[in-house]
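Inspection log for the structure reproduced underneath, given as structure tokens.
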Number of protein chains: 2
Amino acid sequence: MKRKIEKLGHSQEFTPLLSYTPLSGGKRLRPYLIYLFSEPLGVSKEIYLELGTAVELFHSGSLVQDDLPSLDNDDYRRGKPALHKLYGEGRALLAADYLMLYSGKIISSISLPAKLIVELMELWNETALEVIEGEFLDISISKGRPEEVEKIHRLKTASLFGFCFSSPYVCAGEVRKAISMKSAGIDFGRAFQIFDDIKDKVGSIATLGKTPGKDESQGRPSALRYMEIEEAKEYARKLYTEAIKKIEFIEARKALLEILSMIEKY
Amino acid sequence: MKRKIEKLGHSQEFTPLLSYTPLSGGKRLRPYLIYLFSEPLGVSKEIYLELGTAVELFHSGSLVQDDLPSLDNDDYRRGKPALHKLYGEGRALLAADYLMLYSGKIISSISLPAKLIVELMELWNETALEVIEGEFLDISISKGRPEEVEKIHRLKTASLFGFCFSSPYVCAGEVRKAISMKSAGIDFGRAFQIFDDIKDKVGSIATLGKTPGKDESQGRPSALRYMEIEEAKEYARKLYTEAIKKIEFIEARKALLEILSMIEKY
């Protein structure tokens, strides 16, 4: 995965910008989730690494873009200067495009029967568009009513988790089961985003790797606009447990519970 | 095509931004080229309209992005205010993402056998990435040596024409022939870009629908950095004629020659 990312792009001018954010750390939570489901389903390592790379590159591209002055205007990401602070906004923006589009390239080249690739592409394209639409609503809807906040969480964050939960099933040929797993992934992702909103409120730059308190100062929709911190935590835990109940593999359930206890600490 | 574009996005807040640039006119040259090859190959109208929409939406998304202050910084496009002048940079940027990613969604849902869709997706993803890399080099390489200018033209402009020439062949199942047609489309696109560079130098805002003289004032790579206008025209005509020679359909050849005479007028 690392070697592939280091070689992205065909121009020596472009390559360093493309690998900067994907290789600057981060939890790699999304590829890990894909692995968690792929392993018991018998999806090959080659395939789940490709899927994980696709998701991680898209996620990195969207982070590069989020940090731009016209969006979240953040100078730091993963404890390092944001890409546009090093290379300027225009170049960072094009690197973000490339990373987001590259995911489609990876997915369309996965070694699976053509029919499954087409299923996977449809799932992927829907996901990618949902993320962008969620980001759009995030900056367009000031504060937000509860149902708007929920919609934004579902699109901008949870949709990608839905892909992580369901794509291994598509690869295993279990296309129907993939649909219900997508909804479990969305619940998981909504819980994740609520914890993220809490972190943004109470975290420090050291624990976040980015500037805290931005949701509030930018008037962004947040779960904490209509819930107290303890209430939000309780709600997120409930969503989380609901999602885990739908998971058929004991090992994956255990791993997800461990992730929960990590996410809860801040 | 128009009705589909008017309904893009799932949120009433997003839809108007997504249709603004694609429906604001433009020559629709790329969908027309797809039609020119699809018709004699017997590719159905349903399919070539989908292909044309995909290409036009991607192209519109890249124009929205190009106009942003961090790239070309243009306030006008197709004689109307650029999208970011109406909705702000952040929202315009996300609309551009959506339009560019939506093309992949259209292509992966075309009603063709899965094997051909996968071929088409691979061709498309390669094209989209080339366009972005070309735009990156365009703003990263100041002025540019002749071979650099040629590379940038090939990537940022000609690659999409390569797709227009070759994708109908993929849809018709003639995957091998598609490869040589891609190269004809690239020659055509290079010629097109040289004429565009000439227009940028000698055109007016009325004929261009955007601010003229920007290549030079921004130090952008242009064919006119190393060729006089007449020399550049001669070279572009040569590339154009070479491309047309490779085309097997007389009607398509004729139509392309008509396009040439239109492009030459400015």
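Numbering starts fresh at 1 for the residues of each chain in the structure tokens, the chains themselves are lettered A, B, ... in the order given, and ligands are numbered from 1 as they appear.
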Please, which residues of chain B lie no more than 9 Å from chain A when the count uses only C-alpha atoms, and can they be set out as a short mmCIF file (atom, residue, chain, number, x, y, z; two decimals) with all heavy atoms, in the first residue's frame?
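Final output, saved to out_20.cif:
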```cif
data_model
loop_
_atom_site.label_atom_id
_atom_site.label_comp_id
_atom_site.auth_asym_id
_atom_site.auth_seq_id
_atom_site.Cartn_x
_atom_site.Cartn_y
_atom_site.Cartn_z
N GLY B 9 -28.04 15.79 -7.68
CA GLY B 9 -27.97 16.03 -6.23
C GLY B 9 -29.28 15.65 -5.57
O GLY B 9 -30.32 15.56 -6.21
N HIS B 10 -29.21 15.40 -4.25
CA HIS B 10 -30.43 14.99 -3.53
C HIS B 10 -30.95 16.11 -2.64
O HIS B 10 -31.93 15.92 -1.94
CB HIS B 10 -30.13 13.76 -2.66
CG HIS B 10 -29.71 12.58 -3.48
ND1 HIS B 10 -30.60 11.86 -4.24
CD2 HIS B 10 -28.50 12.01 -3.67
CE1 HIS B 10 -29.95 10.89 -4.85
NE2 HIS B 10 -28.68 10.96 -4.55
N SER B 11 -30.29 17.26 -2.61
CA SER B 11 -30.70 18.32 -1.71
C SER B 11 -31.06 19.56 -2.52
O SER B 11 -30.34 19.93 -3.44
CB SER B 11 -29.56 18.70 -0.76
OG SER B 11 -28.89 17.56 -0.31
N GLU B 13 -30.67 22.44 -1.73
CA GLU B 13 -29.62 23.45 -1.60
C GLU B 13 -28.53 23.26 -2.65
O GLU B 13 -27.86 24.21 -3.06
CB GLU B 13 -28.95 23.38 -0.21
CG GLU B 13 -29.83 23.74 0.98
CD GLU B 13 -30.59 22.53 1.53
OE1 GLU B 13 -30.63 21.47 0.86
OE2 GLU B 13 -31.15 22.65 2.62
N PHE B 14 -28.31 22.01 -3.05
CA PHE B 14 -27.16 21.68 -3.90
C PHE B 14 -27.50 21.75 -5.40
O PHE B 14 -26.69 22.20 -6.22
CB PHE B 14 -26.67 20.28 -3.54
CG PHE B 14 -25.21 20.01 -3.81
CD1 PHE B 14 -24.32 21.04 -4.06
CD2 PHE B 14 -24.71 18.70 -3.78
CE1 PHE B 14 -22.96 20.78 -4.29
CE2 PHE B 14 -23.37 18.43 -4.01
CZ PHE B 14 -22.49 19.47 -4.28
N GLN B 65 -13.91 24.63 -11.35
CA GLN B 65 -12.71 24.61 -10.52
C GLN B 65 -11.63 25.55 -11.06
O GLN B 65 -11.02 26.31 -10.31
CB GLN B 65 -12.21 23.18 -10.46
CG GLN B 65 -11.21 22.97 -9.39
CD GLN B 65 -10.97 21.49 -9.16
OE1 GLN B 65 -11.54 20.88 -8.28
NE2 GLN B 65 -10.11 20.91 -9.97
N LEU B 68 -11.73 29.21 -10.06
CA LEU B 68 -11.52 29.62 -8.66
C LEU B 68 -10.30 30.53 -8.53
O LEU B 68 -9.33 30.41 -9.30
CB LEU B 68 -11.32 28.37 -7.79
CG LEU B 68 -12.55 27.48 -7.58
CD1 LEU B 68 -12.16 26.19 -6.85
CD2 LEU B 68 -13.63 28.22 -6.79
N PRO B 69 -10.33 31.42 -7.55
CA PRO B 69 -9.20 32.36 -7.36
C PRO B 69 -7.85 31.65 -7.22
O PRO B 69 -6.85 32.18 -7.69
CB PRO B 69 -9.58 33.07 -6.06
CG PRO B 69 -11.07 33.01 -6.01
CD PRO B 69 -11.44 31.70 -6.63
N SER B 70 -7.82 30.46 -6.63
CA SER B 70 -6.52 29.80 -6.45
C SER B 70 -6.03 29.14 -7.74
O SER B 70 -4.90 28.68 -7.81
CB SER B 70 -6.60 28.78 -5.33
OG SER B 70 -7.64 27.86 -5.57
N LEU B 71 -6.88 29.08 -8.77
CA LEU B 71 -6.42 28.55 -10.06
C LEU B 71 -6.41 29.70 -11.07
O LEU B 71 -5.59 30.60 -10.95
CB LEU B 71 -7.26 27.34 -10.50
CG LEU B 71 -7.05 26.12 -9.57
CD1 LEU B 71 -8.07 25.03 -9.83
CD2 LEU B 71 -5.65 25.54 -9.75
N GLY B 88 -19.87 31.48 -3.62
CA GLY B 88 -18.69 31.40 -2.77
C GLY B 88 -17.79 30.25 -3.19
O GLY B 88 -18.23 29.30 -3.84
N GLU B 89 -16.53 30.35 -2.80
CA GLU B 89 -15.53 29.38 -3.25
C GLU B 89 -15.75 27.96 -2.75
O GLU B 89 -15.61 26.99 -3.48
CB GLU B 89 -14.13 29.81 -2.79
CG GLU B 89 -13.57 30.96 -3.57
CD GLU B 89 -12.20 31.33 -3.03
OE1 GLU B 89 -11.36 30.44 -2.85
OE2 GLU B 89 -12.00 32.53 -2.76
N GLY B 90 -16.04 27.84 -1.46
CA GLY B 90 -16.16 26.50 -0.86
C GLY B 90 -17.25 25.70 -1.54
O GLY B 90 -17.06 24.54 -1.91
N ARG B 91 -18.40 26.35 -1.71
CA ARG B 91 -19.52 25.62 -2.31
C ARG B 91 -19.26 25.30 -3.78
O ARG B 91 -19.62 24.22 -4.27
CB ARG B 91 -20.81 26.41 -2.15
CG ARG B 91 -21.45 26.07 -0.82
CD ARG B 91 -22.71 26.83 -0.61
NE ARG B 91 -22.40 28.07 0.07
CZ ARG B 91 -23.31 28.81 0.70
NH1 ARG B 91 -24.56 28.42 0.70
NH2 ARG B 91 -22.94 29.90 1.31
N LEU B 93 -16.41 24.75 -5.13
CA LEU B 93 -15.41 23.68 -5.14
C LEU B 93 -16.09 22.31 -4.95
O LEU B 93 -15.77 21.33 -5.64
CB LEU B 93 -14.48 23.99 -4.00
CG LEU B 93 -13.13 23.40 -3.85
CD1 LEU B 93 -12.36 24.30 -2.89
CD2 LEU B 93 -13.20 22.02 -3.26
N LEU B 94 -17.04 22.24 -4.03
CA LEU B 94 -17.72 20.96 -3.78
C LEU B 94 -18.65 20.61 -4.94
O LEU B 94 -18.78 19.43 -5.30
CB LEU B 94 -18.47 21.01 -2.45
CG LEU B 94 -17.52 21.06 -1.24
CD1 LEU B 94 -18.27 21.47 0.04
CD2 LEU B 94 -16.83 19.71 -1.03
N ALA B 95 -19.24 21.62 -5.57
CA ALA B 95 -20.05 21.35 -6.76
C ALA B 95 -19.16 20.78 -7.87
O ALA B 95 -19.55 19.84 -8.57
CB ALA B 95 -20.76 22.62 -7.23
N ASP B 97 -16.39 19.04 -7.48
CA ASP B 97 -16.11 17.64 -7.12
C ASP B 97 -17.25 16.73 -7.55
O ASP B 97 -17.04 15.66 -8.11
CB ASP B 97 -16.04 17.47 -5.59
CG ASP B 97 -14.80 18.06 -5.00
OD1 ASP B 97 -13.87 18.37 -5.75
OD2 ASP B 97 -14.76 18.22 -3.76
N TYR B 98 -18.44 17.17 -7.19
CA TYR B 98 -19.62 16.34 -7.45
C TYR B 98 -19.76 16.08 -8.95
O TYR B 98 -19.99 14.95 -9.39
CB TYR B 98 -20.86 17.04 -6.90
CG TYR B 98 -22.06 16.14 -6.74
CD1 TYR B 98 -22.30 15.50 -5.52
CD2 TYR B 98 -22.96 15.93 -7.78
CE1 TYR B 98 -23.41 14.68 -5.36
CE2 TYR B 98 -24.07 15.10 -7.62
CZ TYR B 98 -24.29 14.48 -6.40
OH TYR B 98 -25.38 13.66 -6.24
N MET B 100 -17.49 16.19 -11.25
CA MET B 100 -16.41 15.33 -11.77
C MET B 100 -16.63 13.87 -11.37
O MET B 100 -16.43 12.96 -12.16
CB MET B 100 -15.05 15.85 -11.32
CG MET B 100 -14.71 17.20 -11.97
SD MET B 100 -12.98 17.70 -11.74
CE MET B 100 -13.00 18.16 -10.03
N LEU B 101 -17.05 13.65 -10.12
CA LEU B 101 -17.27 12.27 -9.67
C LEU B 101 -18.54 11.67 -10.28
O LEU B 101 -18.62 10.46 -10.48
CB LEU B 101 -17.37 12.22 -8.14
CG LEU B 101 -16.05 12.47 -7.39
CD1 LEU B 101 -16.32 12.79 -5.92
CD2 LEU B 101 -15.12 11.25 -7.49
N TYR B 102 -19.50 12.51 -10.59
CA TYR B 102 -20.76 12.00 -11.14
C TYR B 102 -20.55 11.30 -12.48
O TYR B 102 -21.27 10.38 -12.83
CB TYR B 102 -21.78 13.14 -11.28
CG TYR B 102 -23.19 12.63 -11.35
CD1 TYR B 102 -23.90 12.37 -10.19
CD2 TYR B 102 -23.80 12.36 -12.58
CE1 TYR B 102 -25.20 11.87 -10.25
CE2 TYR B 102 -25.09 11.85 -12.64
CZ TYR B 102 -25.78 11.61 -11.47
OH TYR B 102 -27.05 11.10 -11.53
N GLY B 104 -18.25 9.31 -13.29
CA GLY B 104 -17.96 7.90 -13.01
C GLY B 104 -19.24 7.13 -12.74
O GLY B 104 -19.40 5.99 -13.18
N LYS B 105 -20.15 7.77 -12.01
CA LYS B 105 -21.43 7.10 -11.71
C LYS B 105 -22.20 6.82 -12.99
O LYS B 105 -22.73 5.73 -13.18
CB LYS B 105 -22.26 7.99 -10.79
CG LYS B 105 -23.61 7.38 -10.42
CD LYS B 105 -24.44 8.37 -9.63
CE LYS B 105 -25.90 7.98 -9.57
NZ LYS B 105 -26.17 6.88 -8.66
N SER B 108 -20.48 3.95 -14.94
CA SER B 108 -20.61 2.60 -14.35
C SER B 108 -22.05 2.08 -14.44
O SER B 108 -22.29 0.90 -14.20
CB SER B 108 -20.10 2.57 -12.91
OG SER B 108 -20.97 3.30 -12.06
N SER B 109 -23.01 2.96 -14.78
CA SER B 109 -24.40 2.50 -14.87
C SER B 109 -24.90 2.36 -16.30
O SER B 109 -26.08 2.10 -16.53
CB SER B 109 -25.33 3.48 -14.14
OG SER B 109 -24.78 3.91 -12.94
N PRO B 113 -22.80 -4.85 -21.39
CA PRO B 113 -22.30 -6.00 -20.64
C PRO B 113 -21.21 -5.55 -19.65
O PRO B 113 -20.43 -4.64 -19.95
CB PRO B 113 -21.70 -6.90 -21.72
CG PRO B 113 -22.34 -6.46 -22.99
CD PRO B 113 -22.67 -5.02 -22.85
N ALA B 114 -21.19 -6.20 -18.47
CA ALA B 114 -20.28 -5.79 -17.40
C ALA B 114 -18.83 -5.67 -17.88
O ALA B 114 -18.10 -4.77 -17.48
CB ALA B 114 -20.38 -6.78 -16.24
N LYS B 115 -18.43 -6.59 -18.77
CA LYS B 115 -17.04 -6.57 -19.24
C LYS B 115 -16.70 -5.26 -19.96
O LYS B 115 -15.62 -4.69 -19.80
CB LYS B 115 -16.82 -7.74 -20.21
CG LYS B 115 -15.77 -8.71 -19.70
CD LYS B 115 -15.54 -9.82 -20.67
CE LYS B 115 -14.05 -10.13 -20.70
NZ LYS B 115 -13.78 -11.36 -21.43
N LEU B 116 -17.64 -4.79 -20.77
CA LEU B 116 -17.41 -3.53 -21.49
C LEU B 116 -17.46 -2.33 -20.54
O LEU B 116 -16.72 -1.36 -20.72
CB LEU B 116 -18.41 -3.37 -22.63
CG LEU B 116 -18.25 -4.36 -23.79
CD1 LEU B 116 -19.30 -4.09 -24.87
CD2 LEU B 116 -16.84 -4.30 -24.39
N ILE B 117 -18.34 -2.41 -19.54
CA ILE B 117 -18.38 -1.31 -18.57
C ILE B 117 -17.02 -1.19 -17.86
O ILE B 117 -16.51 -0.09 -17.66
CB ILE B 117 -19.49 -1.51 -17.52
CG1 ILE B 117 -20.85 -1.45 -18.21
CG2 ILE B 117 -19.42 -0.44 -16.43
CD1 ILE B 117 -22.03 -1.50 -17.27
N VAL B 118 -16.45 -2.33 -17.50
CA VAL B 118 -15.15 -2.29 -16.82
C VAL B 118 -14.09 -1.68 -17.75
O VAL B 118 -13.30 -0.82 -17.33
CB VAL B 118 -14.74 -3.69 -16.30
CG1 VAL B 118 -13.33 -3.68 -15.77
CG2 VAL B 118 -15.72 -4.14 -15.21
N GLU B 119 -14.10 -2.05 -19.02
CA GLU B 119 -13.17 -1.45 -19.99
C GLU B 119 -13.36 0.07 -20.06
O GLU B 119 -12.41 0.84 -20.06
CB GLU B 119 -13.43 -2.00 -21.41
CG GLU B 119 -13.06 -3.45 -21.64
CD GLU B 119 -11.56 -3.66 -21.84
OE1 GLU B 119 -10.81 -2.68 -21.92
OE2 GLU B 119 -11.16 -4.85 -21.89
N MET B 121 -14.75 2.01 -17.82
CA MET B 121 -14.37 2.64 -16.55
C MET B 121 -12.87 2.84 -16.49
O MET B 121 -12.39 3.86 -16.01
CB MET B 121 -14.79 1.77 -15.37
CG MET B 121 -16.24 1.80 -14.99
SD MET B 121 -16.93 3.44 -14.62
CE MET B 121 -15.75 4.13 -13.49
N GLU B 122 -12.13 1.85 -16.96
CA GLU B 122 -10.67 1.97 -16.92
C GLU B 122 -10.21 3.11 -17.82
O GLU B 122 -9.37 3.92 -17.44
CB GLU B 122 -10.00 0.63 -17.29
CG GLU B 122 -10.16 -0.37 -16.15
CD GLU B 122 -9.44 -1.69 -16.40
OE1 GLU B 122 -8.91 -1.92 -17.49
OE2 GLU B 122 -9.44 -2.52 -15.45
N TRP B 124 -12.01 5.64 -18.71
CA TRP B 124 -12.49 6.89 -18.14
C TRP B 124 -11.61 7.36 -16.97
O TRP B 124 -11.23 8.53 -16.88
CB TRP B 124 -13.96 6.78 -17.68
CG TRP B 124 -14.33 7.99 -16.93
CD1 TRP B 124 -14.57 8.12 -15.60
CD2 TRP B 124 -14.40 9.33 -17.47
NE1 TRP B 124 -14.81 9.43 -15.27
CE2 TRP B 124 -14.70 10.19 -16.41
CE3 TRP B 124 -14.24 9.87 -18.75
CZ2 TRP B 124 -14.84 11.56 -16.58
CZ3 TRP B 124 -14.36 11.24 -18.92
CH2 TRP B 124 -14.67 12.07 -17.85
N ASN B 125 -11.31 6.43 -16.06
CA ASN B 125 -10.53 6.82 -14.88
C ASN B 125 -9.15 7.34 -15.29
O ASN B 125 -8.66 8.32 -14.74
CB ASN B 125 -10.37 5.63 -13.93
CG ASN B 125 -11.68 5.30 -13.23
OD1 ASN B 125 -12.47 6.18 -12.92
ND2 ASN B 125 -11.93 4.02 -13.02
N GLU B 126 -8.55 6.67 -16.25
CA GLU B 126 -7.25 7.12 -16.75
C GLU B 126 -7.37 8.54 -17.31
O GLU B 126 -6.55 9.41 -17.02
CB GLU B 126 -6.81 6.16 -17.86
CG GLU B 126 -5.37 6.27 -18.27
CD GLU B 126 -5.06 5.26 -19.38
OE1 GLU B 126 -4.78 4.10 -19.03
OE2 GLU B 126 -5.13 5.63 -20.56
N ALA B 128 -9.70 10.90 -16.65
CA ALA B 128 -9.99 11.90 -15.61
C ALA B 128 -8.71 12.25 -14.84
O ALA B 128 -8.44 13.43 -14.58
CB ALA B 128 -11.06 11.35 -14.65
N LEU B 129 -7.92 11.25 -14.52
CA LEU B 129 -6.68 11.51 -13.77
C LEU B 129 -5.69 12.30 -14.62
O LEU B 129 -4.98 13.18 -14.11
CB LEU B 129 -6.05 10.18 -13.30
CG LEU B 129 -6.85 9.45 -12.22
CD1 LEU B 129 -6.30 8.04 -12.02
CD2 LEU B 129 -6.82 10.21 -10.89
N GLU B 130 -5.65 12.01 -15.92
CA GLU B 130 -4.75 12.77 -16.80
C GLU B 130 -5.14 14.24 -16.85
O GLU B 130 -4.29 15.12 -16.83
CB GLU B 130 -4.75 12.15 -18.21
CG GLU B 130 -3.90 10.89 -18.27
CD GLU B 130 -3.96 10.16 -19.60
OE1 GLU B 130 -4.76 10.54 -20.49
OE2 GLU B 130 -3.20 9.18 -19.75
N ILE B 132 -6.62 16.02 -14.54
CA ILE B 132 -6.23 16.68 -13.28
C ILE B 132 -4.72 16.88 -13.22
O ILE B 132 -4.23 17.95 -12.85
CB ILE B 132 -6.70 15.84 -12.06
CG1 ILE B 132 -8.23 15.65 -12.08
CG2 ILE B 132 -6.23 16.49 -10.76
CD1 ILE B 132 -9.05 16.91 -11.99
N GLU B 133 -3.97 15.86 -13.63
CA GLU B 133 -2.50 16.00 -13.60
C GLU B 133 -2.06 17.12 -14.56
O GLU B 133 -1.15 17.90 -14.24
CB GLU B 133 -1.82 14.66 -13.95
CG GLU B 133 -0.31 14.71 -13.83
CD GLU B 133 0.31 13.38 -13.37
OE1 GLU B 133 -0.39 12.35 -13.32
OE2 GLU B 133 1.51 13.38 -13.04
N GLU B 135 -3.78 19.77 -15.37
CA GLU B 135 -4.09 21.07 -14.76
C GLU B 135 -3.07 21.42 -13.68
O GLU B 135 -2.69 22.58 -13.52
CB GLU B 135 -5.51 21.04 -14.18
CG GLU B 135 -6.54 21.08 -15.30
CD GLU B 135 -7.97 20.91 -14.82
OE1 GLU B 135 -8.19 20.70 -13.61
OE2 GLU B 135 -8.87 20.97 -15.68
N PHE B 136 -2.65 20.39 -12.96
CA PHE B 136 -1.62 20.61 -11.93
C PHE B 136 -0.34 21.13 -12.59
O PHE B 136 0.25 22.11 -12.14
CB PHE B 136 -1.35 19.31 -11.17
CG PHE B 136 -0.23 19.44 -10.19
CD1 PHE B 136 -0.45 19.92 -8.92
CD2 PHE B 136 1.08 19.11 -10.56
CE1 PHE B 136 0.59 20.08 -8.02
CE2 PHE B 136 2.13 19.27 -9.68
CZ PHE B 136 1.88 19.75 -8.41
N LEU B 137 0.09 20.47 -13.65
CA LEU B 137 1.34 20.89 -14.31
C LEU B 137 1.18 22.28 -14.92
O LEU B 137 2.12 23.09 -14.91
CB LEU B 137 1.75 19.87 -15.38
CG LEU B 137 2.14 18.50 -14.84
CD1 LEU B 137 2.39 17.52 -16.00
CD2 LEU B 137 3.37 18.56 -13.94
N ILE B 139 -0.37 24.81 -13.77
CA ILE B 139 -0.13 25.90 -12.81
C ILE B 139 1.22 25.77 -12.12
O ILE B 139 1.66 26.68 -11.42
CB ILE B 139 -1.25 26.03 -11.73
CG1 ILE B 139 -1.35 24.77 -10.87
CG2 ILE B 139 -2.59 26.37 -12.37
CD1 ILE B 139 -2.12 25.00 -9.57
N SER B 140 1.88 24.62 -12.30
CA SER B 140 3.12 24.38 -11.56
C SER B 140 4.36 24.71 -12.38
O SER B 140 5.41 25.02 -11.83
CB SER B 140 3.21 22.92 -11.11
OG SER B 140 2.13 22.63 -10.27
N ILE B 141 4.23 24.57 -13.71
CA ILE B 141 5.40 24.79 -14.56
C ILE B 141 5.28 26.18 -15.16
O ILE B 141 4.37 26.45 -15.93
CB ILE B 141 5.48 23.70 -15.65
CG1 ILE B 141 5.82 22.37 -14.98
CG2 ILE B 141 6.50 24.06 -16.71
CD1 ILE B 141 5.83 21.18 -15.90
#
```
| request: Once DSSP has gone over the backbone, tell me which residues of segment 90-246 of chain B are in helix (DSSP H, G or I), as number ranges by chain. | output: B: 90-108, 114-140, 146-171, 175-202, 205-208, 214-217, 223-225, 229-245
| message | I need the residue nearest Glu216 of chain A from this list: A:Ile198, A:Leu8, A:Ala232, A:Leu86. Use only C-alpha atoms for the distance. | response |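 Looking at the shortest contact to Glu216 of chain A, the residue is A:Ile198.
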| request: Could you give me the residues within segment 12-255 of chain B that DSSP places in strand (DSSP E), as a list of chain:residue names? | output: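 DSSP on the backbone gives strand (DSSP E) at B:Tyr76, B:Arg77, B:Lys80, B:Pro81.
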| field | Of the listed residues A:Ser180, A:Thr211, A:Thr53, A:Ser261, that which approaches Phe165 of chain A most closely, counting only C-alpha atoms | value | A:Ser180
What lies within 9 Å of Gly52 of chain A using only C-alpha atoms, ignoring chain neighbours under 3 positions off, as a PDB file with N, CA, C and O atoms, in the first residue's frame?
```pdb
ATOM      1  N   MET A   1       0.832  -1.202   0.000  1.00  0.00           N
ATOM      2  CA  MET A   1       0.000   0.000   0.000  1.00  0.00           C
ATOM      3  C   MET A   1       0.871   1.258   0.000  1.00  0.00           C
ATOM      4  O   MET A   1       0.697   2.137  -0.830  1.00  0.00           O
ATOM      5  N   ARG A  28      -6.015   5.076  10.146  1.00  0.00           N
ATOM      6  CA  ARG A  28      -6.301   4.009   9.157  1.00  0.00           C
ATOM      7  C   ARG A  28      -7.491   3.151   9.585  1.00  0.00           C
ATOM      8  O   ARG A  28      -7.516   1.936   9.359  1.00  0.00           O
ATOM      9  N   ARG A  30     -10.573   3.168   8.487  1.00  0.00           N
ATOM     10  CA  ARG A  30     -11.429   2.654   7.410  1.00  0.00           C
ATOM     11  C   ARG A  30     -10.840   1.391   6.748  1.00  0.00           C
ATOM     12  O   ARG A  30     -11.550   0.394   6.606  1.00  0.00           O
ATOM     13  N   PRO A  31      -9.549   1.403   6.379  1.00  0.00           N
ATOM     14  CA  PRO A  31      -8.995   0.154   5.844  1.00  0.00           C
ATOM     15  C   PRO A  31      -9.055  -0.994   6.863  1.00  0.00           C
ATOM     16  O   PRO A  31      -9.258  -2.149   6.493  1.00  0.00           O
ATOM     17  N   TYR A  32      -8.917  -0.643   8.144  1.00  0.00           N
ATOM     18  CA  TYR A  32      -8.980  -1.689   9.182  1.00  0.00           C
ATOM     19  C   TYR A  32     -10.372  -2.327   9.218  1.00  0.00           C
ATOM     20  O   TYR A  32     -10.505  -3.549   9.343  1.00  0.00           O
ATOM     21  N   LEU A  33     -11.397  -1.499   9.077  1.00  0.00           N
ATOM     22  CA  LEU A  33     -12.772  -2.030   9.064  1.00  0.00           C
ATOM     23  C   LEU A  33     -12.971  -2.963   7.870  1.00  0.00           C
ATOM     24  O   LEU A  33     -13.592  -4.021   7.983  1.00  0.00           O
ATOM     25  N   ILE A  34     -12.440  -2.567   6.734  1.00  0.00           N
ATOM     26  CA  ILE A  34     -12.558  -3.424   5.542  1.00  0.00           C
ATOM     27  C   ILE A  34     -11.887  -4.772   5.788  1.00  0.00           C
ATOM     28  O   ILE A  34     -12.432  -5.830   5.467  1.00  0.00           O
ATOM     29  N   TYR A  35     -10.725  -4.719   6.418  1.00  0.00           N
ATOM     30  CA  TYR A  35     -10.013  -5.955   6.759  1.00  0.00           C
ATOM     31  C   TYR A  35     -10.841  -6.833   7.703  1.00  0.00           C
ATOM     32  O   TYR A  35     -10.943  -8.059   7.514  1.00  0.00           O
ATOM     33  N   ILE A  47      -7.143  -8.173  -2.502  1.00  0.00           N
ATOM     34  CA  ILE A  47      -8.359  -7.386  -2.742  1.00  0.00           C
ATOM     35  C   ILE A  47      -8.638  -6.421  -1.593  1.00  0.00           C
ATOM     36  O   ILE A  47      -8.933  -5.244  -1.809  1.00  0.00           O
ATOM     37  N   TYR A  48      -8.524  -6.889  -0.335  1.00  0.00           N
ATOM     38  CA  TYR A  48      -8.887  -5.947   0.728  1.00  0.00           C
ATOM     39  C   TYR A  48      -7.858  -4.837   0.884  1.00  0.00           C
ATOM     40  O   TYR A  48      -8.214  -3.735   1.318  1.00  0.00           O
ATOM     41  N   LEU A  49      -6.623  -5.097   0.488  1.00  0.00           N
ATOM     42  CA  LEU A  49      -5.652  -3.994   0.499  1.00  0.00           C
ATOM     43  C   LEU A  49      -5.993  -2.937  -0.556  1.00  0.00           C
ATOM     44  O   LEU A  49      -5.863  -1.740  -0.333  1.00  0.00           O
ATOM     45  N   VAL A  55     -10.255   3.584  -0.265  1.00  0.00           N
ATOM     46  CA  VAL A  55     -11.008   4.347   0.727  1.00  0.00           C
ATOM     47  C   VAL A  55     -10.107   5.354   1.433  1.00  0.00           C
ATOM     48  O   VAL A  55     -10.485   6.509   1.661  1.00  0.00           O
ATOM     49  N   GLU A  56      -8.900   4.944   1.754  1.00  0.00           N
ATOM     50  CA  GLU A  56      -7.988   5.826   2.472  1.00  0.00           C
ATOM     51  C   GLU A  56      -7.552   7.006   1.586  1.00  0.00           C
ATOM     52  O   GLU A  56      -7.432   8.138   2.065  1.00  0.00           O
ATOM     53  N   LEU A  57      -7.342   6.745   0.305  1.00  0.00           N
ATOM     54  CA  LEU A  57      -6.957   7.845  -0.591  1.00  0.00           C
ATOM     55  C   LEU A  57      -8.104   8.844  -0.758  1.00  0.00           C
ATOM     56  O   LEU A  57      -7.896  10.058  -0.742  1.00  0.00           O
ATOM     57  N   CYS A 164     -17.266   0.666   3.896  1.00  0.00           N
ATOM     58  CA  CYS A 164     -16.281  -0.239   4.521  1.00  0.00           C
ATOM     59  C   CYS A 164     -16.950  -1.519   5.026  1.00  0.00           C
ATOM     60  O   CYS A 164     -16.376  -2.603   4.944  1.00  0.00           O
TER      61      CYS A 164
END
```
| note | Computed gap from atom CA of Ser183 of chain A to atom CA of Lys246 of chain A is 9.4 Å
| Can you tell me, as a ChimeraX atom specification, what residues are no more than 10 Å from Arg154 of chain B when counting only C-alpha atoms, ignoring any on the same chain fewer than 6 positions away? | /B:130-131,134,148,160-162,186-191,193
